[in-house]
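> First the structure, then my questions, so here it is.
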Amino acid sequence: MQQTAPVSRARVRLNRVLTYLSKPQNAILLALGIVLTFSTIAPMISILVDTVSVHVGSVDSHYTGLTEGYTLYNWIDLFTGRLARVNLWTPLLNSVLLSVFSCVGAIVYGGMFAYLVTRTNMRFKKYLSSIFIFPYIMPQWTLAVIWQNLFDSNAVTGTSDGLLAAIFGVRMPLWWCEGLFPSVVVLSLHYAPFAYILIGGIFRNMDANLEEAASIMGTPRLKIFARVTLPLVKPAVLSTVLLVFSSAMGSYPVPHYLNLTTLCTKYVQMGEKRAGEASILAVIMILFGVLILIVNQRTTSGRQSYTTVTGKSGQISLVNLGRAGKWLVTALFCLTTFFTGILPIILFAIETFLPNPGDYSFIRNGVAGNLTAKWWMTSENITENGMYGQKGILFNEAIWGAFKGTLIVAVCCAFIAGTIGLLVGYCVSKNRRSKWAAYVNSMAFLPYLMPSLAVGVAFFVFGSSMGIFNTYLLLVLAGVVKYIPFASRSALSSMMQLSGEIEEAAIIQDIPWRKRMLNIIIPIQKSSIISGYLLPFITCVRELTLFMLLCSQTKIITTMLDYFDEMGLYAFSSGINLILIVFILVCNTLINKLTGASIDSGIGGGN
Amino acid sequence: MKKILCVILALTLMMASCIAMADTVEEVIAQAQTMSNEELYAKAIEESKGQTLYGIGNSSRGKTAGASFVEMLKGIDPSYDGVIEWSQPKNNSIFTTLNADIKSANHIYSMTLIQDGNQIQTKMIDTGNLLNYIPKDWAEAEGVAIEDNDNPLALQTLNKVFMYNCVGEKTFDNCWDFVAEGEAPLYMGVNSELVGKNFLYMLTYETYANYLKDAFDALEGAEKDRIAAVVADMEPEAEALGLEAENAPYALAFIKLWCEQYNEQTDDGPICNTLVTASAKDQSGLLVYSKLRSVEESAETSVNNVKIAAYQDGYKGIGGYAYKHYLMIPKTSPLPWTACAFIAYMTTTQEGFAAWGKDMGGYSANPVCMQDHSKDGYVDGVNTFDAKNDRGYDWWISADGGRLVVEDPAYCAQVSFDLGDWIDMIVGNK
């Protein structure tokens, strides 16, 4: 009788591991899991350690008498000290209110617009759709600056008169000019495109038979909307809440310009004497991100129970708004999108020709001679031209150097984040039931749900300790980690749509994985994948909050723009804004024409 | 075994080189302080040929000065190809960055040009992370106010002065007028620009508290009664905060009213833009004087729409605040000779200081570097913009002139913890 040689357990395990890793998707998933865990968790650990570290010259060192080591002083002082209300509770309350109301505002405005575009006979849909996403393309605080330029007045805000006060004598109350209300409005407008694209996607694809059945049963239109339509868009609404909540919580520039104290603005203010306590604020923001991730996973796992969207219906019936109604609604949205999309651009352009920042005397006095091209054309900074020591935009090496820096960071971030995201999407779709795949997917998505400033703080602490502060490397690292979710979501949703049979046919033919990816998978889902690269690129180009702690003011264009805005040199900041908007629109249009991909299809991770 | 020995040897060498370098920077500074500029420039050329000196600071003009310094060295040695890279971190991250650089194994920054004496004292001088260097040519130059500018070495003193819009009838002839009932002077947030907080700390210093008391005594009527009540409330606070100046309650009263009333702005630029417009009738502010330099005249905007409070006849009390830009060298500076030479260049030559010297309201301690701005408001020989005629450093800091409150890093550091929290409480409860 022939006996088989005994095989050791270790050998069996090794064989199993080798077999598992022989599949490229498994090997890549393992590697990505390790890399993403490190890149996401390591900065968080740095920041956590910072909360208990002694900072020389700060209160923790002064009151404990320590010059190094660890202490719980920061936690105790922040939560129970006499400045607890000022430094923690009020900013926390404001942050939560800002996030909640921004979600509501973005969903109501963006959702309503989505419904009107997809389900009614409103006019000029294509134009309105394009213009509606303009506020998302623009750096978010530019709307805040526009708000100030429009509504500030000497009588109310104690500054010089804005446009409304200067031309029409209209003076808005203080709650309108600064604080929670304008911050909510600005962030709602900025994030409404999220809601539009996510909710619009559902409206566009949902089966109209459901509503028609209710209609045949004689259900009133309002009841149909409340009982049939709204439940169908619930997943998209939840997705919007998840995305907007953390984004609003992590917004620094909008509350900063509009005088609202939030966790972000407080973090920046506390660096002098309470660096450790400031890090605790960042930890709190990260906890919100983790909480949102948990909520996200619960809602996603329960989604099947009420989702009835099965595919495109060929029977989308448009709600008739009536002859007058359709024009009235169109006019209303033309007006609102004019204020949120077109007017800022016009004002940016005008600002670059004013003799002094905010000096609208040419309108008030009708003297065109008061306009100047000096902010663009001045080629030297020796003579005093009222340029604050700067050359004109066209000749300003610092501005163009910063623009170049932005391009370097954006291209690197888009390439790396896009590629990692693509691999995450591919590997997770191939291992749908694997817990490790779910973990990697969560790790890839977690940074998106963490407020940008918190991620920035984590990388600031991490980068400073590694000696890479103010380097492109640090910016790219932070950008990649933050933007992988865009690409992974987009890639995952497109990979999920791919039938496994397509790749299996190639596997049977013994075609290597690299060729399968390059010749089959990527070409089929080309536009979704390119969107996964495009969105990190565009987001990176106009990103400030994430990068503001990581580099000097002249390193990239948004920190430069913020510098000019803070200095009150609105001609420069407006000119840069114009350049950014034109650049993003040109990129989006070019890529759209060449590949069919666009920013619209990528926002929200492709739903 | 061989490998282990190699690793141990390498580590020992690294540690030894680190220790040696720490000594070297101090030694270099000690030697540099005995050298003339020419000798220093020669050392700098020798040290940094083909290298990049990284500087860090609050003033973006360090970059311009750096380019001028490199050009000057090229004039001495045409083959010199060193470069100066200047960075200007945002939001108070400069100290974290510097500390991290000093602690790291690979040091980058060779020199600093930082404002905020308080943090420099507590985070950099007390810890020995930044070293002071006094150029020989600076110390020996005629007319240099050494004792006011050598600890640490100041590149320049900048002033923030009280201004008000004069389109209306209102006048401000006493510094307490800026905190009178209903006033909301424009000012940068005390936690966004920390030298603004140092101004408030310095008010509790004996000299400046006395200025405030004298100005208070000159007040009359209901406004004086209002402020007197606040001063009375501040007496126990002054004691609790351990303030030693006799008139500290007056300083605390001013701080309290100022913090409760000031209208926070993101920068001095927007404050200036506001004050010079015709629509900003009766508004006031405390801002960097040199901002007036870039105002372009138009139908709505004019430098003549503002007045400098301290220039008005009979004005009582403090005229503003003076803070400094300090030049220092990290104890781990990779290019200490070049750093010393660059610092000497900026503090002893007109070309080196030119990037800052063109502004009124910015004063080098060295008369050689100073430019005269006393007639900046003259156009074709006619005094057209009186507010721009800078009366100079000596006038501004004198007790019978501008009575500026001058930053003292050691005093700020001494009171900043308790007083800082006290101020934050007021600002937070606004």
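Residue numbering restarts at 1 in every chain; chains get A, B, ... in the order shown in the structure tokens, and ligands count up from 1 in that same order.
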At a cut-off of 9 Å, using only C-alpha atoms, what residues contact Tyr133 (chain B)? Leave out same-chain residues fewer than 3 positions from it and give the result as a JSON list (two decimals) with N, CA and C atoms, in the first residue's frame.

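out-v1.json was written with the following content:
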```
[["chain", "number", "residue", "atom", "x", "y", "z"],
["B", 29, "ILE", "N", 29.10, 81.64, 15.70],
["B", 29, "ILE", "CA", 28.51, 82.93, 16.08],
["B", 29, "ILE", "C", 29.52, 83.75, 16.89],
["B", 30, "ALA", "N", 30.16, 83.07, 17.82],
["B", 30, "ALA", "CA", 31.15, 83.78, 18.66],
["B", 30, "ALA", "C", 32.26, 84.38, 17.79],
["B", 32, "ALA", "N", 32.02, 84.99, 14.49],
["B", 32, "ALA", "CA", 31.44, 85.94, 13.54],
["B", 32, "ALA", "C", 31.24, 87.31, 14.18],
["B", 33, "GLN", "N", 30.96, 87.30, 15.49],
["B", 33, "GLN", "CA", 30.73, 88.58, 16.18],
["B", 33, "GLN", "C", 31.99, 89.45, 16.25],
["B", 150, "ASP", "N", 19.13, 94.47, 20.80],
["B", 150, "ASP", "CA", 20.10, 93.37, 20.69],
["B", 150, "ASP", "C", 19.68, 92.10, 21.41],
["B", 152, "PRO", "N", 16.46, 89.74, 21.51],
["B", 152, "PRO", "CA", 17.35, 89.34, 20.42],
["B", 152, "PRO", "C", 17.53, 90.47, 19.40],
["B", 153, "LEU", "N", 18.41, 90.23, 18.45],
["B", 153, "LEU", "CA", 18.73, 91.25, 17.44],
["B", 153, "LEU", "C", 17.48, 91.56, 16.60],
["B", 327, "LEU", "N", 15.97, 88.70, 14.13],
["B", 327, "LEU", "CA", 16.83, 87.82, 13.32],
["B", 327, "LEU", "C", 17.57, 86.87, 14.26],
["B", 328, "MET", "N", 17.43, 85.58, 14.04],
["B", 328, "MET", "CA", 18.13, 84.62, 14.91],
["B", 328, "MET", "C", 18.60, 83.41, 14.10],
["B", 329, "ILE", "N", 19.43, 82.62, 14.76],
["B", 329, "ILE", "CA", 20.01, 81.46, 14.08],
["B", 329, "ILE", "C", 19.69, 80.18, 14.87],
["B", 340, "CYS", "N", 25.05, 84.21, 9.31],
["B", 340, "CYS", "CA", 25.62, 85.40, 9.98],
["B", 340, "CYS", "C", 25.87, 86.52, 8.95],
["B", 343, "ILE", "N", 22.62, 88.08, 7.85],
["B", 343, "ILE", "CA", 22.08, 88.94, 8.91],
["B", 343, "ILE", "C", 22.86, 90.25, 8.96]]
```
> Once you count only C-alpha atoms, what closest atom pair and distance in Å to one decimal does each residue of chain B within 6 Å of chain A have, with rows by chain and rising residue number, as JSON lines?

```
{"residue": "B:Ser87", "atom": "CA", "partner": "A:Ser552", "partner_atom": "CA", "distance": 5.6}
{"residue": "B:Gln88", "atom": "CA", "partner": "A:Ser552", "partner_atom": "CA", "distance": 4.9}
{"residue": "B:Pro89", "atom": "CA", "partner": "A:Ser552", "partner_atom": "CA", "distance": 4.0}
{"residue": "B:Thr97", "atom": "CA", "partner": "A:Ser464", "partner_atom": "CA", "distance": 6.0}
{"residue": "B:Ala100", "atom": "CA", "partner": "A:Ser464", "partner_atom": "CA", "distance": 5.3}
{"residue": "B:Asp101", "atom": "CA", "partner": "A:Gly467", "partner_atom": "CA", "distance": 5.9}
{"residue": "B:Thr122", "atom": "CA", "partner": "A:Gly57", "partner_atom": "CA", "distance": 4.8}
{"residue": "B:Lys123", "atom": "CA", "partner": "A:Gly57", "partner_atom": "CA", "distance": 4.8}
{"residue": "B:Asn191", "atom": "CA", "partner": "A:Gln269", "partner_atom": "CA", "distance": 5.3}
{"residue": "B:Thr266", "atom": "CA", "partner": "A:Glu566", "partner_atom": "CA", "distance": 5.3}
{"residue": "B:Asp267", "atom": "CA", "partner": "A:Met567", "partner_atom": "CA", "distance": 5.2}
{"residue": "B:Gly269", "atom": "CA", "partner": "A:Met567", "partner_atom": "CA", "distance": 4.9}
{"residue": "B:Pro270", "atom": "CA", "partner": "A:Gly568", "partner_atom": "CA", "distance": 4.5}
{"residue": "B:Thr274", "atom": "CA", "partner": "A:Ser160", "partner_atom": "CA", "distance": 4.7}
{"residue": "B:Ser279", "atom": "CA", "partner": "A:Ser160", "partner_atom": "CA", "distance": 5.8}
{"residue": "B:Ala280", "atom": "CA", "partner": "A:Ser160", "partner_atom": "CA", "distance": 5.1}
{"residue": "B:Ser294", "atom": "CA", "partner": "A:Gly386", "partner_atom": "CA", "distance": 3.8}
{"residue": "B:Val295", "atom": "CA", "partner": "A:Gly386", "partner_atom": "CA", "distance": 5.5}
{"residue": "B:Glu296", "atom": "CA", "partner": "A:Gly386", "partner_atom": "CA", "distance": 5.6}
{"residue": "B:Ala299", "atom": "CA", "partner": "A:Ser361", "partner_atom": "CA", "distance": 5.9}
{"residue": "B:Glu300", "atom": "CA", "partner": "A:Ser361", "partner_atom": "CA", "distance": 5.4}
{"residue": "B:Gly428", "atom": "CA", "partner": "A:Val86", "partner_atom": "CA", "distance": 5.2}
```
> Write down as a PyMOL selection string the residues belonging to region 211-415 of chain B that are assigned helix (DSSP H, G or I) by DSSP computed on the backbone.
chain B and resi 211-217+221-240+248-261+268-275+289-294+303-305+309-311+336-348+350-357+386-388+393-397+409-415
> Could you please write out, as a PDB file with C-alpha atoms, in the first residue's frame, every residue of region 92-246 of chain B that DSSP assigns to strand (DSSP E)?

```
ATOM      1  CA  TYR B 109      16.698  75.988   8.316  1.00  0.00           C
ATOM      2  CA  SER B 110      19.790  78.142   8.714  1.00  0.00           C
ATOM      3  CA  MET B 111      18.227  81.389   9.875  1.00  0.00           C
ATOM      4  CA  THR B 112      14.990  82.972  11.001  1.00  0.00           C
ATOM      5  CA  LEU B 113      13.272  86.330  10.728  1.00  0.00           C
ATOM      6  CA  ILE B 114      10.322  86.145  13.096  1.00  0.00           C
ATOM      7  CA  LEU B 130      17.488  79.921  18.580  1.00  0.00           C
ATOM      8  CA  LEU B 131      20.768  81.706  19.129  1.00  0.00           C
ATOM      9  CA  ALA B 154      15.982  93.242  15.748  1.00  0.00           C
ATOM     10  CA  LEU B 155      15.990  93.797  11.999  1.00  0.00           C
ATOM     11  CA  GLN B 156      13.396  96.514  12.331  1.00  0.00           C
ATOM     12  CA  THR B 157      10.738  98.034  14.507  1.00  0.00           C
ATOM     13  CA  LEU B 158       7.318  98.389  12.905  1.00  0.00           C
ATOM     14  CA  ASN B 159       4.555 100.559  14.170  1.00  0.00           C
ATOM     15  CA  LYS B 160       0.836 100.083  14.281  1.00  0.00           C
ATOM     16  CA  VAL B 161      -0.789 103.425  14.868  1.00  0.00           C
ATOM     17  CA  PHE B 162      -4.225 104.686  15.812  1.00  0.00           C
ATOM     18  CA  MET B 163      -5.953 106.214  12.787  1.00  0.00           C
ATOM     19  CA  TYR B 164      -9.451 107.461  12.220  1.00  0.00           C
ATOM     20  CA  ASN B 165     -11.595 108.436   9.284  1.00  0.00           C
ATOM     21  CA  LEU B 186     -10.973  97.951  13.422  1.00  0.00           C
ATOM     22  CA  TYR B 187      -8.233  95.586  14.544  1.00  0.00           C
ATOM     23  CA  MET B 188      -6.811  92.219  13.621  1.00  0.00           C
TER      24      MET B 188
END
```
> Write out as a VMD selection string the residues lying within 6 Å of Ala410 (chain A), counting only C-alpha atoms and excluding same-chain residues fewer than 4 positions away.
chain A and resid 406 414 537 540 to 541
> Tell me which of B:Lys136, B:Lys197, B:Lys170, B:Arg293 sits closest to Ser416 (chain B), counting only C-alpha atoms.
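Closest candidate: B:Lys197.
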> One decimal, Å: what's the distance from CA of Pro523 (chain A) over to CA of Ser494 (chain A), could you say?
11.8 Å
> What is the CA of Phe333 (chain A)-CA of Leu585 (chain A) distance in Å, reported with one decimal?
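CA of Leu585 (chain A) lies at a distance of 21.0 Å from CA of Phe333 (chain A).
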> Do a neighbour search on Val290 (chain A) at 10 Å with only C-alpha atoms, toss out local chain neighbours closer than 5 positions, and write the hits as an MDAnalysis selection string.
chainID A and resid 284:285 295:296 446:447 449:450
